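Here the structure comes first, spelled out in structure tokens, and everything after it is commentary.
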Number of protein chains: 2
Amino acid sequence: MNGHIEVIVEKLIEAFGDSSRVLTEVQDLYSYSFDASFGIYKPEIICQPIATDEVVELIKLAAQYKIPVVARGTGTSLSGGPLPVKGGIVVDFSLWDTKLEIHPDDLIAVVSPGVITSKINDKAIEFGLMYPPDPSSAHVSTIGGNLAENAGGPRGLKYGVTKDYVLGLEVVTAEGKVIRTGGRTMKNVTGYDLTKLIVGSEGTLCIITEATLRLVPRPLATKTAMVLFDEIVDSGHAISKVLRSGIMPAKMEIMDRHSIIAVEEYASLGLPIDVEAILLIELDGHHQAINEEMIRVEEACMSVNARSVIVAKDDREAEQLWQARRLVSPAIVKIKPTKISEDATVPRSKIPEMFQRLKEIREKYNVHLVVFGHAGDGNLHPNIIADQRDEEEMHRVEQAVEEIFEAAVSLGGTLSGEHGIGLMKSPFMEMELGKDGLHMMKLIKDAWDPQNILNPGKIFPEPGQRFVLRND
Amino acid sequence: MNGHIEVIVEKLIEAFGDSSRVLTEVQDLYSYSFDASFGIYKPEIICQPIATDEVVELIKLAAQYKIPVVARGTGTSLSGGPLPVKGGIVVDFSLWDTKLEIHPDDLIAVVSPGVITSKINDKAIEFGLMYPPDPSSAHVSTIGGNLAENAGGPRGLKYGVTKDYVLGLEVVTAEGKVIRTGGRTMKNVTGYDLTKLIVGSEGTLCIITEATLRLVPRPLATKTAMVLFDEIVDSGHAISKVLRSGIMPAKMEIMDRHSIIAVEEYASLGLPIDVEAILLIELDGHHQAINEEMIRVEEACMSVNARSVIVAKDDREAEQLWQARRLVSPAIVKIKPTKISEDATVPRSKIPEMFQRLKEIREKYNVHLVVFGHAGDGNLHPNIIADQRDEEEMHRVEQAVEEIFEAAVSLGGTLSGEHGIGLMKSPFMEMELGKDGLHMMKLIKDAWDPQNILNPGKIFPEPGQRFVLRND
């Protein structure tokens, strides 16, 4: 393969008409060899397309020379999505942020793949609209990456995830054909739903070059409460109680005691460190409605033994309450430098049981396990804090993470709620899907990408592949 | 193939352990030879499974003898979904209505394929929850059929369609393997989204034997308004105006003048027959919120030249207003016996233009074209009323329908918003999807069902296939 690299580079430069967007210097290759997960894998070429026909040309070259093509946004993946594990071409979409159209009468946005996700919502707001998906990385990650991984976020509870807001795509297939899936309409049952098949396929089926996104009217007001619990299991009951009372909060985020302590040590916000859990609840909608709903939220929480409910009086106070949740990630990496962020997800009713299992795992493997996340939809974020230079500790961490996956699946949940499978979780796919379920996915991969040039080595486990958390 | 029928019947009876659920009498074959669309196609065998292992056995037999398998609920399809166009086995799921579980803490329902759709919502209401999809057929159609066709309905505007409420499926593949897709969690990004690929695939990829559906808290109140317009184009502006003011109604249904006249002649409700359009708007949510929102809806409509807005004072008055919309279908079939119900869907901003195109088509082909439907999401129902015994008229109708499809696609819309492609619309697939887009769908079909035993002759056009509306 390496013999062809020079030829491919030359042809890419010709196709792009711009040598500055085809990179091969060693420092470039290193810059694109990692993401926010684990492992270092050097690509052979990086290119930075800013037009669909450039993507067509590069895929045709890749197909001709059977060289891997790995799409990448800003590299915030927590599952190894953009790692070029088999070398090849990394396609950096971050320069292609040129299209961000809002069509208010159709309630849609049309975007190029390199647009930073939060900018879509910023622009929608100007028209009284909202793009709901809000992954924590929204201010740095690209919509292309969000689409590839089907990113979630706190608002997933009420509003769903990225996939729920994609009406149509323009993609380039492994053969270098441009197709359009879906369209601009809310309803579309013309043939198979390729749009929703492609969203979340992690760059293994085709390359996304444009997306048509659904927007919704922006809610008029929001209201936030912080609820304190002496027993973490009661926070689970509070979630059920609120949802069953006819109220659908925009967000219901949990922080366990370990997260609370970490934040308090980091920033001295005055959080009570003797509670077992904090729930942060945000209601959105019509101001009269949410005022009245918040009273019922308080009643619901107090009826299941909350210690107290603090309701923000205004947006400034709400901001302060949310700060606690926002500081969890920066706070915990102060404890130890390596953060392993999982997103195992369970049915809502199993949240109390999952907390119990996580507690047992923490003790069994003596790991620094902190739990926070999107409790309202069962999408917890068990994070283990470690030091990857400590081999013995990392071995315990690997075992603990494996057991977290097993716990989630055995409770009827899933390996990944919003981070994707990528490289890291593929060894566990069969555990969740079974041999036949995984086979049906593989049939699609083989049919669409028979040469296996699109992000090879992802989602599907390789023979003998094991779970490892190492950078070497 | 026919030589094997006796053997297959014998083995089916053995597998089912019950000869009463394997039918081959000529009157049975005739009963299953049509649906609510056009065409009569006799199957060779009908079977009525009530368990997954029965479906496994019948698919294995079908695979062994290469005989078509066509799933069917109650036969309400408007696109020919359950028609056995290549003969074979019709699998009638209507007896398998035994499972309808609500799990309120997980906000889910688990159902067997033969459950009547409206019963899911009825049961959810007992728990303060709602199953939003509400196709007009909900009281007679099965959830299995709704899943196969990705059924919509008026509430699609705010709540989305069937697909948006499916978390997981149990299906039997063309090889007779049982797989589970998705699960019970709101978020799941473990591999490809087979769930949403299967929903809407019209029985061509696998057979659905169980579904896990997402429920939402039931809104506390609803409020209805009837808005009258002298110019139909203003009704389109009203839709945009309302949606851009931060209000998302549960329903926004339109009736054009031809629908209004038909209803008025049928039932004398006192509707004004000199208006060009009526919009029926339903708000749902918190009662204080919708009271205030309704005032803004009125203002929005009056600002774009509505003649008047009638707001229902209570649920009884709301019922009366909705009666007009409900009577459209029964009213128009009084005019002529054959109703061709289309569901061409356009981006919202193109609704006024689509109305203009439909008017031109009505005049050009001199057909009795009536327009009503889910205007809020662009999913109109142009219905042509005709008499299928009149060959010359039906030929004009066919041409008019073709032009309706062309108009929708040329306005950036789609052939089908909620009825599916089935047999009727497959000749138009390439027009919307292009050759390459259709090819990518076909690759999936071929990979999953290489013998083409699952509902053959649907979705994908056969060489030389033309659009016909005939029963002979």
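Naming works like this for the structure tokens: A, B, ... for the chains as they're shown, residue 1 at the start of each chain, ligands 1 onward in shown order.
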Neighbouring residues of Ser112 (chain B) were defined as those with any atom within 10 Å, considering only C-alpha atoms; residues of the same chain fewer than 5 positions away were excluded. Please report them as a ChimeraX atom specification. /B:50-52,93-101,142-144,170,208-212
Please, which residues of region 28-84 of chain B, numbered as in this document, come out alpha helix (DSSP H) from DSSP, as an MDAnalysis selection string? chainID B and resid 28:31 52:65
Same residues, all heavy atoms, output as a compact mmCIF listing (two decimals), in the first residue's frame:
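As a result, again_34.txt now contains:
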# COMPACT_ATOMS: atom_id res chain seq x y z
N ASP B 28 -60.96 -18.49 1.96
CA ASP B 28 -59.91 -17.86 2.77
C ASP B 28 -58.90 -17.15 1.87
O ASP B 28 -58.52 -16.01 2.12
CB ASP B 28 -59.17 -18.92 3.59
CG ASP B 28 -60.09 -19.62 4.59
OD1 ASP B 28 -60.95 -18.93 5.17
OD2 ASP B 28 -59.95 -20.84 4.78
N LEU B 29 -58.50 -17.85 0.84
CA LEU B 29 -57.51 -17.26 -0.07
C LEU B 29 -58.04 -15.97 -0.66
O LEU B 29 -57.33 -14.98 -0.78
CB LEU B 29 -57.14 -18.25 -1.19
CG LEU B 29 -56.60 -19.61 -0.70
CD1 LEU B 29 -56.21 -20.47 -1.90
CD2 LEU B 29 -55.41 -19.45 0.24
N TYR B 30 -59.33 -15.96 -0.99
CA TYR B 30 -59.92 -14.75 -1.54
C TYR B 30 -59.95 -13.63 -0.49
O TYR B 30 -59.63 -12.48 -0.78
CB TYR B 30 -61.33 -15.02 -2.09
CG TYR B 30 -61.91 -13.77 -2.70
CD1 TYR B 30 -61.48 -13.33 -3.95
CD2 TYR B 30 -62.84 -13.00 -2.00
CE1 TYR B 30 -61.97 -12.15 -4.49
CE2 TYR B 30 -63.32 -11.82 -2.54
CZ TYR B 30 -62.89 -11.40 -3.79
OH TYR B 30 -63.36 -10.22 -4.31
N SER B 31 -60.30 -14.00 0.75
CA SER B 31 -60.40 -12.99 1.82
C SER B 31 -59.08 -12.25 2.05
O SER B 31 -59.06 -11.12 2.50
CB SER B 31 -60.80 -13.65 3.15
OG SER B 31 -62.04 -14.27 3.02
N THR B 52 -43.49 -16.55 18.51
CA THR B 52 -42.30 -16.33 17.69
C THR B 52 -41.81 -17.62 17.06
O THR B 52 -41.41 -17.63 15.88
CB THR B 52 -41.18 -15.70 18.56
OG1 THR B 52 -41.68 -14.49 19.12
CG2 THR B 52 -39.94 -15.39 17.74
N ASP B 53 -41.86 -18.72 17.82
CA ASP B 53 -41.31 -19.95 17.23
C ASP B 53 -42.15 -20.45 16.07
O ASP B 53 -41.63 -21.12 15.17
CB ASP B 53 -41.06 -21.04 18.30
CG ASP B 53 -42.30 -21.36 19.09
OD1 ASP B 53 -43.36 -20.76 18.79
OD2 ASP B 53 -42.23 -22.20 20.01
N GLU B 54 -43.42 -20.11 16.05
CA GLU B 54 -44.24 -20.45 14.88
C GLU B 54 -43.77 -19.66 13.65
O GLU B 54 -43.73 -20.18 12.54
CB GLU B 54 -45.71 -20.17 15.17
CG GLU B 54 -46.31 -21.13 16.21
CD GLU B 54 -47.76 -20.81 16.58
OE1 GLU B 54 -48.31 -19.80 16.08
OE2 GLU B 54 -48.34 -21.58 17.36
N VAL B 55 -43.42 -18.38 13.89
CA VAL B 55 -42.93 -17.56 12.77
C VAL B 55 -41.59 -18.11 12.28
O VAL B 55 -41.34 -18.19 11.07
CB VAL B 55 -42.80 -16.08 13.20
CG1 VAL B 55 -42.22 -15.24 12.06
CG2 VAL B 55 -44.16 -15.53 13.63
N VAL B 56 -40.75 -18.51 13.21
CA VAL B 56 -39.46 -19.09 12.82
C VAL B 56 -39.68 -20.31 11.92
O VAL B 56 -39.07 -20.43 10.86
CB VAL B 56 -38.64 -19.51 14.08
CG1 VAL B 56 -37.43 -20.35 13.69
CG2 VAL B 56 -38.22 -18.26 14.85
N GLU B 57 -40.59 -21.18 12.34
CA GLU B 57 -40.82 -22.39 11.55
C GLU B 57 -41.34 -22.07 10.17
O GLU B 57 -40.93 -22.66 9.17
CB GLU B 57 -41.79 -23.33 12.29
CG GLU B 57 -41.20 -24.00 13.52
CD GLU B 57 -39.87 -24.69 13.22
OE1 GLU B 57 -39.78 -25.41 12.20
OE2 GLU B 57 -38.91 -24.48 13.99
N LEU B 58 -42.28 -21.12 10.11
CA LEU B 58 -42.86 -20.83 8.79
C LEU B 58 -41.85 -20.15 7.86
O LEU B 58 -41.82 -20.40 6.65
CB LEU B 58 -44.17 -20.04 8.92
CG LEU B 58 -44.20 -18.55 9.16
CD1 LEU B 58 -44.16 -17.76 7.84
CD2 LEU B 58 -45.48 -18.19 9.90
N ILE B 59 -40.97 -19.33 8.44
CA ILE B 59 -39.95 -18.70 7.59
C ILE B 59 -38.95 -19.75 7.11
O ILE B 59 -38.49 -19.71 5.96
CB ILE B 59 -39.23 -17.57 8.36
CG1 ILE B 59 -40.22 -16.50 8.74
CG2 ILE B 59 -38.06 -17.03 7.53
CD1 ILE B 59 -39.92 -15.13 8.27
N LYS B 60 -38.61 -20.67 7.98
CA LYS B 60 -37.67 -21.72 7.55
C LYS B 60 -38.26 -22.55 6.41
O LYS B 60 -37.55 -22.90 5.46
CB LYS B 60 -37.31 -22.62 8.74
CG LYS B 60 -36.30 -21.97 9.68
CD LYS B 60 -35.85 -22.94 10.77
CE LYS B 60 -34.78 -22.30 11.65
NZ LYS B 60 -34.60 -23.06 12.91
N LEU B 61 -39.54 -22.83 6.52
CA LEU B 61 -40.20 -23.57 5.43
C LEU B 61 -40.21 -22.74 4.14
O LEU B 61 -39.91 -23.24 3.06
CB LEU B 61 -41.64 -23.91 5.81
CG LEU B 61 -41.82 -25.08 6.78
CD1 LEU B 61 -43.25 -25.14 7.30
CD2 LEU B 61 -41.45 -26.40 6.09
N ALA B 62 -40.54 -21.46 4.29
CA ALA B 62 -40.58 -20.59 3.12
C ALA B 62 -39.20 -20.49 2.47
O ALA B 62 -39.07 -20.50 1.24
CB ALA B 62 -41.08 -19.20 3.52
N ALA B 63 -38.16 -20.42 3.32
CA ALA B 63 -36.80 -20.32 2.78
C ALA B 63 -36.42 -21.62 2.07
O ALA B 63 -35.83 -21.60 0.98
CB ALA B 63 -35.82 -20.02 3.92
N GLN B 64 -36.80 -22.71 2.70
CA GLN B 64 -36.46 -24.01 2.11
C GLN B 64 -37.12 -24.19 0.73
O GLN B 64 -36.49 -24.64 -0.22
CB GLN B 64 -36.93 -25.11 3.07
CG GLN B 64 -36.56 -26.52 2.63
CD GLN B 64 -37.16 -27.58 3.56
OE1 GLN B 64 -37.60 -27.26 4.67
NE2 GLN B 64 -37.18 -28.82 3.09
N TYR B 65 -38.39 -23.80 0.65
CA TYR B 65 -39.13 -24.00 -0.60
C TYR B 65 -39.17 -22.74 -1.47
O TYR B 65 -39.87 -22.70 -2.48
CB TYR B 65 -40.55 -24.49 -0.30
CG TYR B 65 -40.56 -25.88 0.30
CD1 TYR B 65 -40.68 -26.08 1.67
CD2 TYR B 65 -40.41 -27.01 -0.53
CE1 TYR B 65 -40.67 -27.35 2.21
CE2 TYR B 65 -40.40 -28.29 0.01
CZ TYR B 65 -40.53 -28.46 1.39
OH TYR B 65 -40.52 -29.71 1.91
Can you list, as an NGL selection string, all residues belonging to region 135-355 of chain A that DSSP tags as strand (DSSP E or B)? :A and (142 or 166-172 or 178-182 or 207-214 or 216-217 or 221-229 or 251-256 or 277-285 or 306-311 or 338-341 or 345)
Write out as a PyMOL selection string which residues come within 9 Å of Leu469 (chain A) when counting only C-alpha atoms, dropping same-chain ones fewer than 2 positions away. chain A and resi 37-39+340+388+394-395+397-398+424+467+471
Residues of chain A near chain B: apply a cut-off of 6 Å, count only C-alpha atoms, and supply the list as an MDAnalysis selection string. chainID A and resid 105:106 179 184:190 192:193 197 201 217:218 240 246 286 289 346:349 377 416:418 420 437 443:444 447
Same residues, C-alpha atoms, output as a short mmCIF file (atom, residue, chain, number, x, y, z; two decimals), in the first residue's frame:
data_model
loop_
_atom_site.label_atom_id
_atom_site.label_comp_id
_atom_site.auth_asym_id
_atom_site.auth_seq_id
_atom_site.Cartn_x
_atom_site.Cartn_y
_atom_site.Cartn_z
CA ASP A 105 -40.60 28.45 7.46
CA ASP A 106 -39.55 24.83 7.03
CA ILE A 179 -26.73 10.09 -2.80
CA ARG A 184 -36.81 18.37 4.01
CA THR A 185 -40.11 16.95 5.15
CA MET A 186 -41.05 15.88 8.64
CA LYS A 187 -42.67 12.71 7.33
CA ASN A 188 -41.06 10.45 4.75
CA VAL A 189 -41.65 6.75 4.25
CA THR A 190 -40.24 6.44 0.75
CA TYR A 192 -35.79 2.28 3.78
CA ASP A 193 -34.71 4.90 6.29
CA LEU A 197 -29.13 3.92 9.42
CA SER A 201 -22.78 4.33 11.86
CA PRO A 217 -39.84 26.29 18.43
CA ARG A 218 -37.68 27.56 21.25
CA SER A 240 -39.99 7.93 38.18
CA GLY A 246 -47.26 14.08 33.62
CA HIS A 286 -44.40 28.15 28.96
CA ALA A 289 -46.81 26.01 33.12
CA VAL A 346 -30.08 1.17 31.57
CA PRO A 347 -33.88 1.27 31.52
CA ARG A 348 -34.98 4.02 33.90
CA SER A 349 -36.45 1.59 36.41
CA ASP A 377 -33.15 8.76 30.58
CA SER A 416 -23.34 2.82 24.84
CA GLY A 417 -26.01 5.45 25.16
CA GLU A 418 -24.27 8.26 23.32
CA GLY A 420 -20.54 5.08 20.25
CA GLY A 437 -27.80 -9.64 15.72
CA LEU A 443 -24.29 -7.90 6.27
CA ILE A 444 -25.07 -4.21 5.77
CA ALA A 447 -22.99 -4.85 1.20
#
Please provide the set of residues having any atom within 6 Å of Ile384 (chain A), restricted to only C-alpha atoms, with same-chain residues fewer than 6 positions apart removed, written as a compact mmCIF listing (two decimals) with N, CA and C atoms, in the first residue's frame.
# COMPACT_ATOMS: atom_id res chain seq x y z
N LYS A 339 -9.00 9.86 32.71
CA LYS A 339 -10.43 9.75 32.96
C LYS A 339 -11.01 8.78 31.94
N ILE A 340 -11.63 7.72 32.42
CA ILE A 340 -12.28 6.78 31.52
C ILE A 340 -13.78 7.01 31.66
N HIS A 368 -11.32 4.36 41.49
CA HIS A 368 -11.93 5.64 41.82
C HIS A 368 -13.07 5.89 40.84
N LEU A 369 -14.24 5.39 41.19
CA LEU A 369 -15.40 5.45 40.30
C LEU A 369 -16.35 6.55 40.73
Hey, can you check how far CA of Asp449 (chain B) sits from CA of Ile67 (chain B)?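 Spanning CA of Asp449 (chain B) to CA of Ile67 (chain B) is a straight-line distance of 12.3 Å.
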Can you pull out every residue within 12 Å of Pro330 (chain A), counting only C-alpha atoms, but drop anything in the same chain fewer than 2 positions away, and send it as a PyMOL selection string? chain A and resi 259+262-267+323-328+332-339+385
Residue with smallest distance to Ser77 (chain B) - pool B:Ile116, B:Ile361, B:Ile261, B:Ala148, counting only C-alpha atoms: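 When distances to Ser77 (chain B) are compared using only C-alpha atoms, the smallest one comes from B:Ala148.
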Neighbours of Arg316 (chain B) within 12 Å (only C-alpha atoms; same-chain residues fewer than 4 positions away dropped), as a PyMOL selection string? chain B and resi 222-224+311-312+320-323
When you look at Val309 (chain B) with a cut-off of 8 Å (counting only C-alpha atoms), what residues show up, excluding the ones that are within fewer than 4 positions of it in the same chain? I need them as a list in words.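 These residues fall inside the cut-off: Ala225, Met226, Val227, Leu228, Glu298, Cys301 and Met302 of chain B.
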Emit the selected residues as a short mmCIF file (atom, residue, chain, number, x, y, z; two decimals), in the first residue's frame, including all heavy atoms.
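Final output, again.cif:
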data_model
loop_
_atom_site.label_atom_id
_atom_site.label_comp_id
_atom_site.auth_asym_id
_atom_site.auth_seq_id
_atom_site.Cartn_x
_atom_site.Cartn_y
_atom_site.Cartn_z
N ALA B 225 -59.10 25.05 18.01
CA ALA B 225 -59.66 26.18 17.29
C ALA B 225 -59.91 25.79 15.84
O ALA B 225 -59.18 24.99 15.26
CB ALA B 225 -58.70 27.37 17.33
N MET B 226 -60.97 26.38 15.28
CA MET B 226 -61.23 26.25 13.85
C MET B 226 -61.02 27.63 13.23
O MET B 226 -61.60 28.61 13.69
CB MET B 226 -62.67 25.79 13.62
CG MET B 226 -63.04 25.69 12.14
SD MET B 226 -64.77 25.17 11.91
CE MET B 226 -64.61 23.39 11.97
N VAL B 227 -60.15 27.68 12.23
CA VAL B 227 -59.80 28.96 11.62
C VAL B 227 -60.25 28.95 10.16
O VAL B 227 -59.95 28.00 9.43
CB VAL B 227 -58.27 29.20 11.70
CG1 VAL B 227 -57.96 30.65 11.31
CG2 VAL B 227 -57.74 28.89 13.09
N LEU B 228 -60.97 30.01 9.77
CA LEU B 228 -61.52 30.07 8.41
C LEU B 228 -60.68 31.02 7.55
O LEU B 228 -60.30 32.10 8.01
CB LEU B 228 -62.96 30.58 8.46
CG LEU B 228 -63.89 29.87 9.46
CD1 LEU B 228 -65.29 30.49 9.39
CD2 LEU B 228 -63.95 28.38 9.18
N GLU B 298 -54.65 32.81 17.77
CA GLU B 298 -55.69 33.66 17.18
C GLU B 298 -55.07 34.90 16.53
O GLU B 298 -55.39 35.23 15.38
CB GLU B 298 -56.67 34.13 18.26
CG GLU B 298 -57.75 33.14 18.59
CD GLU B 298 -58.84 33.80 19.45
OE1 GLU B 298 -59.62 34.63 18.92
OE2 GLU B 298 -58.88 33.49 20.64
N CYS B 301 -53.15 34.03 13.37
CA CYS B 301 -54.02 33.72 12.23
C CYS B 301 -54.69 34.98 11.68
O CYS B 301 -54.76 35.19 10.46
CB CYS B 301 -55.07 32.69 12.62
SG CYS B 301 -54.38 31.05 12.94
N MET B 302 -55.18 35.84 12.58
CA MET B 302 -55.87 37.05 12.13
C MET B 302 -54.89 37.97 11.41
O MET B 302 -55.26 38.68 10.47
CB MET B 302 -56.52 37.78 13.32
CG MET B 302 -57.67 37.02 13.96
SD MET B 302 -58.96 36.42 12.81
CE MET B 302 -59.72 37.98 12.33
#
